[in-house]
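Visitor: Dropping the structure in here first, questions after.
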4 protein chains.
Amino acid sequence: MPWPARYQAVRAQSQALCAPLLPEDTVVQPVIDVSPPKWHLAHTTWFWETFLLKEYAPGYQVFHPEYAFLFNSYYNSLGSRVNRADRGTLSRPPLAEVLAYRAHVDAAMAALLDHADDLPAAFYELVELGLQHEQQHQELLATDIKYILSTSPLAPAYLESSVRSEELRVDSAEAVKPTLNSQLLTLNSNWLPVPGGIYKVGFQEEGFCFDNELAAHDVLIAPFELQNRLVTNGEYLAFIEAGGYRDFRYWMGEGWDLAQAEGWEAPLYWTQRDGAWYRFTHHGLQPVSLAAPVTHISFYEADAYAHWAGARLPTEAEWETAARYFEATPAGGTWLESQRFDPQPLPADADPTQCHQLLGDCWEWTYSAYHAYPGYERAAGALGEYNGKFMVNQLVLRGGSCATPESHIRVSYRNFFHADKRWQFTGIRLAR
Amino acid sequence: MPWPARYQAVRAQSQALCAPLLPEDTVVQPVIDVSPPKWHLAHTTWFWETFLLKEYAPGYQVFHPEYAFLFNSYYNSLGSRVNRADRGTLSRPPLAEVLAYRAHVDAAMAALLDHADDLPAAFYELVELGLQHEQQHQELLATDIKYILSTSPLAPAYLESSVRSEELRVDSAEAVKPTLNSQLLTLNSNWLPVPGGIYKVGFQEEGFCFDNELAAHDVLIAPFELQNRLVTNGEYLAFIEAGGYRDFRYWMGEGWDLAQAEGWEAPLYWTQRDGAWYRFTHHGLQPVSLAAPVTHISFYEADAYAHWAGARLPTEAEWETAARYFEATPAGGTWLESQRFDPQPLPADADPTQCHQLLGDCWEWTYSAYHAYPGYERAAGALGEYNGKFMVNQLVLRGGSCATPESHIRVSYRNFFHADKRWQFTGIRLAR
Amino acid sequence: MPWPARYQAVRAQSQALCAPLLPEDTVVQPVIDVSPPKWHLAHTTWFWETFLLKEYAPGYQVFHPEYAFLFNSYYNSLGSRVNRADRGTLSRPPLAEVLAYRAHVDAAMAALLDHADDLPAAFYELVELGLQHEQQHQELLATDIKYILSTSPLAPAYLESSVRSEELRVDSAEAVKPTLNSQLLTLNSNWLPVPGGIYKVGFQEEGFCFDNELAAHDVLIAPFELQNRLVTNGEYLAFIEAGGYRDFRYWMGEGWDLAQAEGWEAPLYWTQRDGAWYRFTHHGLQPVSLAAPVTHISFYEADAYAHWAGARLPTEAEWETAARYFEATPAGGTWLESQRFDPQPLPADADPTQCHQLLGDCWEWTYSAYHAYPGYERAAGALGEYNGKFMVNQLVLRGGSCATPESHIRVSYRNFFHADKRWQFTGIRLAR
Amino acid sequence: MPWPARYQAVRAQSQALCAPLLPEDTVVQPVIDVSPPKWHLAHTTWFWETFLLKEYAPGYQVFHPEYAFLFNSYYNSLGSRVNRADRGTLSRPPLAEVLAYRAHVDAAMAALLDHADDLPAAFYELVELGLQHEQQHQELLATDIKYILSTSPLAPAYLESSVRSEELRVDSAEAVKPTLNSQLLTLNSNWLPVPGGIYKVGFQEEGFCFDNELAAHDVLIAPFELQNRLVTNGEYLAFIEAGGYRDFRYWMGEGWDLAQAEGWEAPLYWTQRDGAWYRFTHHGLQPVSLAAPVTHISFYEADAYAHWAGARLPTEAEWETAARYFEATPAGGTWLESQRFDPQPLPADADPTQCHQLLGDCWEWTYSAYHAYPGYERAAGALGEYNGKFMVNQLVLRGGSCATPESHIRVSYRNFFHADKRWQFTGIRLAR
């Protein structure tokens, strides 16, 4: 796709995600991790204005001089900014003004892209980065919107559309009586061996990657087995019913303390009514589908589940090696574009000798800290803050989720969150 | 005014206050004291639904079963409710739905009031209380809206109307160079004696009062003098410039510690630009008018100022005795209805032998704790929680403000806030 | 008693209070209100050094230049100091060094007092203040030591002496089965009327008083009745058993929220074992004596109890008027010197027409804020910070306690604490 | 050494470390990380009582039934315990009683070890673990004592002995004028290459290791260079003077935010007086020696320094590989037994072709998260909580320090702390 069309398509996608929202929904920040949707819409726009238009569009007029303060996320290089915790205190500029800001910047970008033949490669690298950056915020928009709507006891649905999650087809009787028969638990499940050896991980293809995927480098992998699909809600429910949330032996100490302090008894968004488990989704409150992958769990829960199940989480090198070994592709995964906003169950007849769901559906927690690869260097200037300064205290997740744009993923893609985070579409892939 | 008309007028006034707002403005809660405007609109409506319609309107259908949880403010008698700190996390129900809630309840109330001849006196007492309650929230709407808009660096104006504060007429040159000439500082100022004796305080007239104004009782007053007007910005600026915020000797210990911890250097909403002082107002950022009363100060600041000025704050018994002695009336005061949303300076030719500004303009901090009057009894039922449970740890303020509806005030009216609160239109009246 | 002897006696009393302690006990600060005993010993010594020796003893050498930083309590006038919350982090100087500091200052003070004939009256006023100050810290030593020892599950006794609390004589069978027979509850109880009128309160005798007891002034008192003794543990247990800690209707809102958040179910130091109530005391864990006055309760609890009992707490003006009207004297009260460290039950044959326990046994919460009396002026210099800066947000307590030195009390004495404090020997006197 | 003698020697060493302390020093907990010395003395004793005596000594009587609550550190398997943050609130049991507890347990252990021939191997494994555990607490005693004494402005010395740190010989003129001449900065410095290849890491020798050193496994190492000695105070001072603490570009984001919030300007314990840098040490306040290794720095500071210096921290696999490659031994390192309690400068004539200071002196931060090795399994029972539950969110440190007992170290030893911790003897080894 030519640059102007790609730019337009990606930008339109961000706004489309906010189309079902009311202005009120775009303002609030119920917890510090969750940013107001209008902040996302404005911040991504600020990114174009700051890194592209100010640099490459002669005579460009900034939309508003205060926006650099209001919509800088975390770039110390670019001066002071609103405290992250205060994003939800600002009713102004309102959504309409943010949309005007987007239109202003989009017009300038369109003009620039239309006459950009003589612009240097560095310019196009920044355009690519801006598009990738905007896609990252599309995922955050999807997950932050879900959290925002979930805080109301009214449990409002983001989508009333006919495109529903597979799990809505689940018979409600199942929800009321989620019988954990062994057949369901082992459905499709299989362990697939990966031979040991020296493999290359990190980005090694053509095209774009983030700096944190570099440098590609060799890793030594011992032989291991990977489960051929994500852990299901049914399997996870067995862990819950076996007392997994009440037995410290399965847990990391900090995870156990947190789970006790916050009273965790199930994944985020799960709630019990009259003995049946329901989940808050983009489609409102829905029965838990036992066959669908479990999601919205912290690393602590993923790790505790793995201990309980007699297995472990893969390292990120193992995960990437397996993804390359099994030639994972985005095809068949659930992505943002599907508007399902939920990981989908494997078909009952899925081939158990294949490795499924590696890309899409759920980010898969690995047991690897998010650290710099060998040879990693922070870029000069503000963009040096994009990834590098987060490379401690977090864990790597791999594979993308149902909220990731399909074109955004790669087998070398490294996502990262703190061990306690649950509001992303996170899931469990077992290794042993 | 007949009941239906009064009801309609008061309810309309609440919505009129929100008319200049965008939906986004009605959602946020930047600090715990400041509730979202749509919460105020809904909570006042819940009050009518809960205390009037459920009790007296046969067959009344509640608008939504969850609203009792969402919009109960602090009544333990009426069950669990949203934590006060979480009011700003809820985007739903949106403003439009809250307005529909208001329409639903208003229609039911109109029907009830139209055929209410055979309803008992207790019903009309509750209607009166509902109206007074709604007026209290109108004042909070005015002050909460101001705070909400103030958090944005865009300093948006609530009103762009031609009805402007007197102080807007101040020559901007004065703002740039706020010369504190002694003439200005003493303008109109006078000390008016009140003879000692036994006086009666508390509500002793016809009509409505809150339960906290009862029982009327005798107090022994020693002779004292009261300043004939509110302390002005000019006088307060002299305190600032004399180092009042840097000298602990004038301050209560807890006030001093707080002022240091939060870096107070001036009243709330004051900001210095290029050496001149400005204030955020309902009309946006405006130069400080030296002749207007100082406002948005805590008790700690009022008390420190009084110490510095060689005077003191009056007790609430002194204040009420003076108000009765000087026959204070609402006439001439600045009230909510004026839409000025700022205390106004005395005319230069105001009679210095009269006591001005006792009612309206600014709530006047007294040096009296908010305690029960002799003979006070909490009512039975949920309304027993209306006032009584707050009668410790707060201080009494008297006289109403420019955000108070004019019909809401009385000389016996007791307002109360914690000593550190600054977001109300609070001011200083000196005694000695 | 001549000054040197009084000085020596008061100083010795502070050290005697610490004699049963181990060095370890003198260091810790389990909560911010409770200061380490060695801090008390040093701070009182610093007071003599700072206000007396530095001013009046020519050539006096300070014991250590850092002690002004370490042992200044809250005097901004005297420079920076250890944060109050950090007093318990300092193991040095050790107790032995603090005792050497005391000896150093005592020697200098003895020399000064021996040749003090030509010193001005201001000097003797400061000596008196220093003695009174030291006595105040003796009470704090007694209560802080109790708190410190209580934190250990070993429940160590401060005193193993034969001078035991009356309540130790209580038959343990009673503790195991604290039957609340009506006879016990009403034992000795009576309501004594005080006629209305204009009374004078505040210090009006010869000798020493704190500045907060001035100026004496007239108050108008309406007729009221005062209970002739303190509320007993038995009466308070009836409140507990009637669900007083679970019914918000009796409580101030802030008190209720605190009691819920901290899980209060009984006074501080009470604990239930096998169905019987015990209390931690200076003599270790002891059964609750139903006849003894209830103590270690917050204002919130005192006020809630009074509501439940259909009565109220007296104002401080009522309390002092009653104390003067009934000619209260320290005789017969329980004081620090008794080493009982617990309020004592009235003898079964106490005259019900007399008003008992007004002085000693328990500080009595009043429903009066701790505010300045009319005409009160803060002194110049550092001692202006002694009392005046605390005159907001606290409540007055009257009458002294079993931890107060007997010579320290007066009917005009004003003690003050925040409404939530429980670690002093506080109790309840009802009015109506 | 036979078991009884080893047991006696290790136990005696713990008490010897506390011998210079006053009872007051053994009680306080100035920050949550720092435990009171008497707690360490008691907790290590509880370990013997719980895991050895209760299991293997027939008829053993526990010293006190409450001690299991008081001195359990973090074993959920062994029931409830004092909150970690409250260890410093407990004055009782006093030091003398803790020493009696030690004597009681030591006598029982001596008896058991004397007749232990027929005890199973599992018993001796536990004895070994108990000794290693006690040695770990000896290091914590040394560092916690330092922190405790540092909080007093009196800066008391733990040791006044003649065994002083090398750096005390530094001419004080240097401290006053710490001229950073380039000669000093490069003194002894050299980069030593380590060839790439597959190496085995993890414990692979005879004797004891902790479970976290297992299983030994192959790692693939790319060629790298390691600095031949620790980074010195002089080098670190150059970083400080170059503005390293004021330039976010060198820092991890969370480290930068913390450093700003806490106002870090130098390593822990450094203080500037009259332009010269001093450090609080076990010998009191001492001038900073430019030639000695920098210590008491967080991972954030180590990492920022490395960035600034154009290098990086080694991974733990690189570190261990280098230590094995260079055949590191404890000989020549500074250990607990030296009582220097400070890392020592290299002699000026140290051979720059050798790799120095790998073992002893300072724990070396690696850029590796503390995760389980392949094949790691938590042990069954309470000891499964010893290491495994901490294997997330922390970083590995290697090599031991001047507070580590010499017999306690191995090249495979894995220490771990959170990235912000500074109170251990932590230092910097560069790689590139």
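Identifiers in this document derive from the order of the structure tokens: chains are assigned A, B, ..., residues are numbered from 1 separately in each chain, and ligands are numbered from 1 in order of occurrence.
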Determine which residues of chain D sit within 9 Å of chain C, taking into account only C-alpha atoms, and present them as a ChimeraX atom specification.
Guide: /D:22-31,66,69-70,86,88-95,148-149,151-156
Visitor: Dump N, CA and C atoms for the selected residues as a PDB file, in the first residue's frame?
Guide:
```
ATOM      1  N   LEU D  22      25.329  -1.935  71.436  1.00  0.00           N
ATOM      2  CA  LEU D  22      24.576  -1.742  72.662  1.00  0.00           C
ATOM      3  C   LEU D  22      23.210  -2.402  72.489  1.00  0.00           C
ATOM      4  N   PRO D  23      22.549  -2.747  73.579  1.00  0.00           N
ATOM      5  CA  PRO D  23      21.214  -3.339  73.440  1.00  0.00           C
ATOM      6  C   PRO D  23      20.298  -2.480  72.569  1.00  0.00           C
ATOM      7  N   GLU D  24      20.400  -1.166  72.701  1.00  0.00           N
ATOM      8  CA  GLU D  24      19.543  -0.269  71.910  1.00  0.00           C
ATOM      9  C   GLU D  24      19.736  -0.493  70.410  1.00  0.00           C
ATOM     10  N   ASP D  25      20.973  -0.771  70.000  1.00  0.00           N
ATOM     11  CA  ASP D  25      21.251  -0.940  68.577  1.00  0.00           C
ATOM     12  C   ASP D  25      20.596  -2.192  67.992  1.00  0.00           C
ATOM     13  N   THR D  26      20.264  -3.123  68.858  1.00  0.00           N
ATOM     14  CA  THR D  26      19.780  -4.413  68.364  1.00  0.00           C
ATOM     15  C   THR D  26      18.275  -4.445  68.139  1.00  0.00           C
ATOM     16  N   VAL D  27      17.599  -3.323  68.365  1.00  0.00           N
ATOM     17  CA  VAL D  27      16.132  -3.302  68.369  1.00  0.00           C
ATOM     18  C   VAL D  27      15.530  -2.636  67.146  1.00  0.00           C
ATOM     19  N   VAL D  28      16.188  -1.636  66.600  1.00  0.00           N
ATOM     20  CA  VAL D  28      15.507  -0.740  65.655  1.00  0.00           C
ATOM     21  C   VAL D  28      15.514  -1.278  64.226  1.00  0.00           C
ATOM     22  N   GLN D  29      14.584  -0.787  63.448  1.00  0.00           N
ATOM     23  CA  GLN D  29      14.409  -1.152  62.041  1.00  0.00           C
ATOM     24  C   GLN D  29      14.125   0.145  61.268  1.00  0.00           C
ATOM     25  N   PRO D  30      15.172   0.869  60.931  1.00  0.00           N
ATOM     26  CA  PRO D  30      14.934   2.204  60.359  1.00  0.00           C
ATOM     27  C   PRO D  30      14.228   2.183  59.004  1.00  0.00           C
ATOM     28  N   VAL D  31      14.438   1.136  58.225  1.00  0.00           N
ATOM     29  CA  VAL D  31      13.662   0.946  56.995  1.00  0.00           C
ATOM     30  C   VAL D  31      13.297  -0.533  56.916  1.00  0.00           C
ATOM     31  N   GLU D  66       5.708 -18.585  71.670  1.00  0.00           N
ATOM     32  CA  GLU D  66       5.421 -17.436  70.804  1.00  0.00           C
ATOM     33  C   GLU D  66       6.546 -17.171  69.803  1.00  0.00           C
ATOM     34  N   PHE D  69       5.972 -17.430  66.121  1.00  0.00           N
ATOM     35  CA  PHE D  69       5.295 -16.284  65.524  1.00  0.00           C
ATOM     36  C   PHE D  69       6.257 -15.105  65.374  1.00  0.00           C
ATOM     37  N   LEU D  70       7.094 -14.918  66.372  1.00  0.00           N
ATOM     38  CA  LEU D  70       7.962 -13.730  66.381  1.00  0.00           C
ATOM     39  C   LEU D  70       9.125 -13.843  65.400  1.00  0.00           C
ATOM     40  N   ASP D  86       7.041  -4.548  61.003  1.00  0.00           N
ATOM     41  CA  ASP D  86       6.859  -4.330  62.434  1.00  0.00           C
ATOM     42  C   ASP D  86       7.965  -4.927  63.289  1.00  0.00           C
ATOM     43  N   GLY D  88      10.736  -3.832  64.021  1.00  0.00           N
ATOM     44  CA  GLY D  88      11.387  -2.825  64.855  1.00  0.00           C
ATOM     45  C   GLY D  88      10.485  -2.210  65.900  1.00  0.00           C
ATOM     46  N   THR D  89       9.266  -2.712  66.023  1.00  0.00           N
ATOM     47  CA  THR D  89       8.379  -2.171  67.057  1.00  0.00           C
ATOM     48  C   THR D  89       8.448  -2.986  68.336  1.00  0.00           C
ATOM     49  N   LEU D  90       9.164  -4.086  68.290  1.00  0.00           N
ATOM     50  CA  LEU D  90       9.141  -5.044  69.398  1.00  0.00           C
ATOM     51  C   LEU D  90      10.392  -4.919  70.253  1.00  0.00           C
ATOM     52  N   SER D  91      10.228  -4.379  71.442  1.00  0.00           N
ATOM     53  CA  SER D  91      11.400  -4.306  72.333  1.00  0.00           C
ATOM     54  C   SER D  91      11.632  -5.640  73.041  1.00  0.00           C
ATOM     55  N   ARG D  92      10.592  -6.431  73.143  1.00  0.00           N
ATOM     56  CA  ARG D  92      10.696  -7.719  73.817  1.00  0.00           C
ATOM     57  C   ARG D  92      10.528  -8.861  72.813  1.00  0.00           C
ATOM     58  N   PRO D  93      11.152  -9.983  72.981  1.00  0.00           N
ATOM     59  CA  PRO D  93      12.126 -10.268  74.030  1.00  0.00           C
ATOM     60  C   PRO D  93      13.382  -9.423  73.845  1.00  0.00           C
ATOM     61  N   PRO D  94      14.005  -9.057  74.949  1.00  0.00           N
ATOM     62  CA  PRO D  94      15.214  -8.231  74.873  1.00  0.00           C
ATOM     63  C   PRO D  94      16.412  -9.068  74.421  1.00  0.00           C
ATOM     64  N   LEU D  95      17.500  -8.369  74.177  1.00  0.00           N
ATOM     65  CA  LEU D  95      18.705  -9.045  73.698  1.00  0.00           C
ATOM     66  C   LEU D  95      19.134 -10.187  74.627  1.00  0.00           C
ATOM     67  N   ILE D 148      21.810   0.946  60.528  1.00  0.00           N
ATOM     68  CA  ILE D 148      21.248   1.404  61.802  1.00  0.00           C
ATOM     69  C   ILE D 148      22.112   2.500  62.407  1.00  0.00           C
ATOM     70  N   LEU D 149      23.398   2.288  62.433  1.00  0.00           N
ATOM     71  CA  LEU D 149      24.276   3.299  63.042  1.00  0.00           C
ATOM     72  C   LEU D 149      24.313   4.565  62.186  1.00  0.00           C
ATOM     73  N   THR D 151      21.925   6.096  60.770  1.00  0.00           N
ATOM     74  CA  THR D 151      20.776   7.006  60.855  1.00  0.00           C
ATOM     75  C   THR D 151      20.981   8.102  61.888  1.00  0.00           C
ATOM     76  N   SER D 152      21.881   7.892  62.820  1.00  0.00           N
ATOM     77  CA  SER D 152      22.106   8.904  63.846  1.00  0.00           C
ATOM     78  C   SER D 152      23.040   9.988  63.328  1.00  0.00           C
ATOM     79  N   PRO D 153      22.708  11.242  63.550  1.00  0.00           N
ATOM     80  CA  PRO D 153      23.644  12.309  63.174  1.00  0.00           C
ATOM     81  C   PRO D 153      24.954  12.239  63.961  1.00  0.00           C
ATOM     82  N   LEU D 154      24.987  11.404  64.972  1.00  0.00           N
ATOM     83  CA  LEU D 154      26.232  11.256  65.728  1.00  0.00           C
ATOM     84  C   LEU D 154      27.242  10.412  64.963  1.00  0.00           C
ATOM     85  N   ALA D 155      26.823   9.730  63.911  1.00  0.00           N
ATOM     86  CA  ALA D 155      27.706   8.916  63.072  1.00  0.00           C
ATOM     87  C   ALA D 155      28.633   8.028  63.907  1.00  0.00           C
ATOM     88  N   PRO D 156      28.031   7.207  64.758  1.00  0.00           N
ATOM     89  CA  PRO D 156      28.873   6.391  65.652  1.00  0.00           C
ATOM     90  C   PRO D 156      29.617   5.302  64.892  1.00  0.00           C
TER      91      PRO D 156
END
```
Visitor: Write out as a count of residues only the set of residues from region 293-395 of chain D that DSSP, computed on the backbone, places in helix (DSSP H, G or I).
Guide: 30
Visitor: Write out as a ChimeraX atom specification which residues come within 9 Å of Ala57 (chain A) when counting only C-alpha atoms, dropping same-chain ones fewer than 6 positions away.
Guide: /A:108-109,111-112
Visitor: Rounded to one decimal, what separation in Å do you get between CA of Arg6 (chain C) and CA of Gln136 (chain C)?
Guide: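 Straight-line distance from CA of Arg6 (chain C) to CA of Gln136 (chain C) works out to 15.3 Å.
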Visitor: With only C-alpha atoms as the counted atoms, please give the residues lying no more than 12 Å from Ala107 (chain C), apart from itself and same-chain residues fewer than 3 positions off, as a PyMOL selection string.
Guide: chain C and resi 4+7-8+11+45+48-49+53+57+60-61+63+100-104+110-114
Visitor: With N, CA, C and O atoms retained, write the just-selected residues as a compact mmCIF listing (two decimals), in the first residue's frame.
Guide:
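Output (part.txt):
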```txt
# COMPACT_ATOMS: atom_id res chain seq x y z
N PRO C 4 15.21 23.94 94.64
CA PRO C 4 16.15 22.83 94.35
C PRO C 4 15.54 21.47 94.65
O PRO C 4 15.70 20.52 93.88
N TYR C 7 12.87 20.66 92.03
CA TYR C 7 13.53 20.28 90.77
C TYR C 7 14.02 18.84 90.86
O TYR C 7 13.76 18.01 89.99
N GLN C 8 14.70 18.57 91.95
CA GLN C 8 15.29 17.24 92.09
C GLN C 8 14.20 16.15 92.13
O GLN C 8 14.33 15.10 91.51
N ARG C 11 12.57 15.68 88.59
CA ARG C 11 13.50 15.02 87.67
C ARG C 11 13.68 13.54 88.03
O ARG C 11 13.73 12.67 87.16
N THR C 45 15.20 17.09 79.16
CA THR C 45 16.51 17.64 79.56
C THR C 45 16.92 18.77 78.61
O THR C 45 17.43 19.81 79.04
N TRP C 48 15.37 22.05 79.64
CA TRP C 48 16.11 22.79 80.66
C TRP C 48 17.36 23.44 80.07
O TRP C 48 17.69 24.59 80.38
N GLU C 49 18.05 22.70 79.26
CA GLU C 49 19.28 23.22 78.69
C GLU C 49 19.00 24.43 77.80
O GLU C 49 19.70 25.44 77.84
N LEU C 53 19.39 26.94 80.97
CA LEU C 53 20.85 26.99 81.14
C LEU C 53 21.49 27.90 80.10
O LEU C 53 22.38 28.69 80.43
N ALA C 57 22.71 30.50 82.72
CA ALA C 57 23.92 29.95 83.36
C ALA C 57 25.16 30.39 82.59
O ALA C 57 25.46 29.82 81.53
N TYR C 60 27.78 28.11 80.52
CA TYR C 60 27.29 26.73 80.40
C TYR C 60 27.73 26.13 79.07
O TYR C 60 27.58 26.76 78.03
N GLN C 61 28.23 24.92 79.12
CA GLN C 61 28.62 24.19 77.90
C GLN C 61 27.55 23.19 77.55
O GLN C 61 27.21 22.33 78.37
N PHE C 63 25.86 19.93 76.27
CA PHE C 63 26.37 18.56 76.41
C PHE C 63 26.85 18.02 75.08
O PHE C 63 27.89 17.37 74.99
N ALA C 100 23.54 10.29 81.21
CA ALA C 100 24.67 11.18 81.44
C ALA C 100 24.31 12.63 81.10
O ALA C 100 24.71 13.58 81.77
N TYR C 101 23.51 12.77 80.05
CA TYR C 101 23.02 14.10 79.66
C TYR C 101 22.18 14.68 80.79
O TYR C 101 22.33 15.85 81.18
N ARG C 102 21.30 13.84 81.31
CA ARG C 102 20.47 14.30 82.43
C ARG C 102 21.34 14.72 83.62
O ARG C 102 21.11 15.76 84.24
N ALA C 103 22.34 13.93 83.92
CA ALA C 103 23.21 14.26 85.06
C ALA C 103 23.95 15.58 84.82
O ALA C 103 24.07 16.42 85.72
N HIS C 104 24.41 15.76 83.60
CA HIS C 104 25.12 16.98 83.24
C HIS C 104 24.23 18.20 83.44
O HIS C 104 24.62 19.20 84.05
N ALA C 110 21.32 22.43 89.34
CA ALA C 110 21.46 22.49 90.79
C ALA C 110 22.34 23.67 91.18
O ALA C 110 22.01 24.43 92.11
N ALA C 111 23.41 23.84 90.45
CA ALA C 111 24.32 24.96 90.74
C ALA C 111 23.59 26.28 90.52
O ALA C 111 23.71 27.22 91.33
N LEU C 112 22.81 26.34 89.48
CA LEU C 112 22.11 27.59 89.17
C LEU C 112 21.06 27.89 90.22
O LEU C 112 20.93 29.02 90.70
N LEU C 113 20.31 26.86 90.61
CA LEU C 113 19.24 27.08 91.59
C LEU C 113 19.80 27.40 92.96
O LEU C 113 19.17 28.11 93.75
N ASP C 114 21.00 26.90 93.25
CA ASP C 114 21.60 27.19 94.55
C ASP C 114 21.99 28.65 94.69
O ASP C 114 22.07 29.18 95.80
```
Visitor: Give me the residues near His282 (chain B) as a compact mmCIF listing (two decimals) with all heavy atoms, in the first residue's frame, where near means some atom within 7 Å (using only C-alpha atoms) and where sequence neighbours in that chain fewer than 4 positions away do not count.
Guide:
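As a result, result_18.txt now contains:
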```txt
# COMPACT_ATOMS: atom_id res chain seq x y z
N LYS B 146 -15.71 24.93 38.65
CA LYS B 146 -14.54 25.81 38.62
C LYS B 146 -13.25 25.00 38.79
O LYS B 146 -12.29 25.18 38.04
CB LYS B 146 -14.64 26.87 39.72
CG LYS B 146 -13.48 27.84 39.77
CD LYS B 146 -13.74 28.98 40.75
CE LYS B 146 -12.58 29.98 40.72
NZ LYS B 146 -12.88 31.17 41.57
N ALA B 157 -12.69 29.09 29.99
CA ALA B 157 -13.70 29.88 30.68
C ALA B 157 -15.02 29.12 30.69
O ALA B 157 -15.43 28.54 29.69
CB ALA B 157 -13.88 31.23 30.01
N TYR B 158 -15.67 29.13 31.85
CA TYR B 158 -17.01 28.55 31.95
C TYR B 158 -17.99 29.47 31.26
O TYR B 158 -18.89 29.03 30.57
CB TYR B 158 -17.33 28.38 33.43
CG TYR B 158 -18.75 28.06 33.79
CD1 TYR B 158 -19.28 26.80 33.54
CD2 TYR B 158 -19.55 29.02 34.41
CE1 TYR B 158 -20.60 26.51 33.90
CE2 TYR B 158 -20.86 28.72 34.78
CZ TYR B 158 -21.38 27.47 34.52
OH TYR B 158 -22.67 27.18 34.88
N LEU B 159 -17.82 30.74 31.47
CA LEU B 159 -18.72 31.73 30.91
C LEU B 159 -17.96 32.70 30.03
O LEU B 159 -16.93 33.23 30.43
CB LEU B 159 -19.40 32.53 32.02
CG LEU B 159 -20.44 31.81 32.85
CD1 LEU B 159 -21.03 32.80 33.84
CD2 LEU B 159 -21.52 31.21 31.97
N PHE B 341 -20.10 34.70 39.92
CA PHE B 341 -19.22 33.64 40.45
C PHE B 341 -17.94 34.22 41.02
O PHE B 341 -16.87 33.63 40.88
CB PHE B 341 -18.91 32.61 39.36
CG PHE B 341 -20.11 31.87 38.86
CD1 PHE B 341 -20.62 32.11 37.59
CD2 PHE B 341 -20.78 30.97 39.68
CE1 PHE B 341 -21.74 31.44 37.14
CE2 PHE B 341 -21.90 30.30 39.23
CZ PHE B 341 -22.38 30.53 37.95
```
Visitor: Can you tell me which residues surround region 345-362 of chain C at a distance of at most 9 Å, considering only C-alpha atoms, apart from same-chain residues fewer than 6 positions away, and format the answer as a count of residues only?
Guide: 52
Visitor: Run DSSP on the backbone and grab whatever in region 338-374 of chain D lands in strand (DSSP E or B); send it over as an MDAnalysis selection string.
Guide: chainID D and resid 363:369
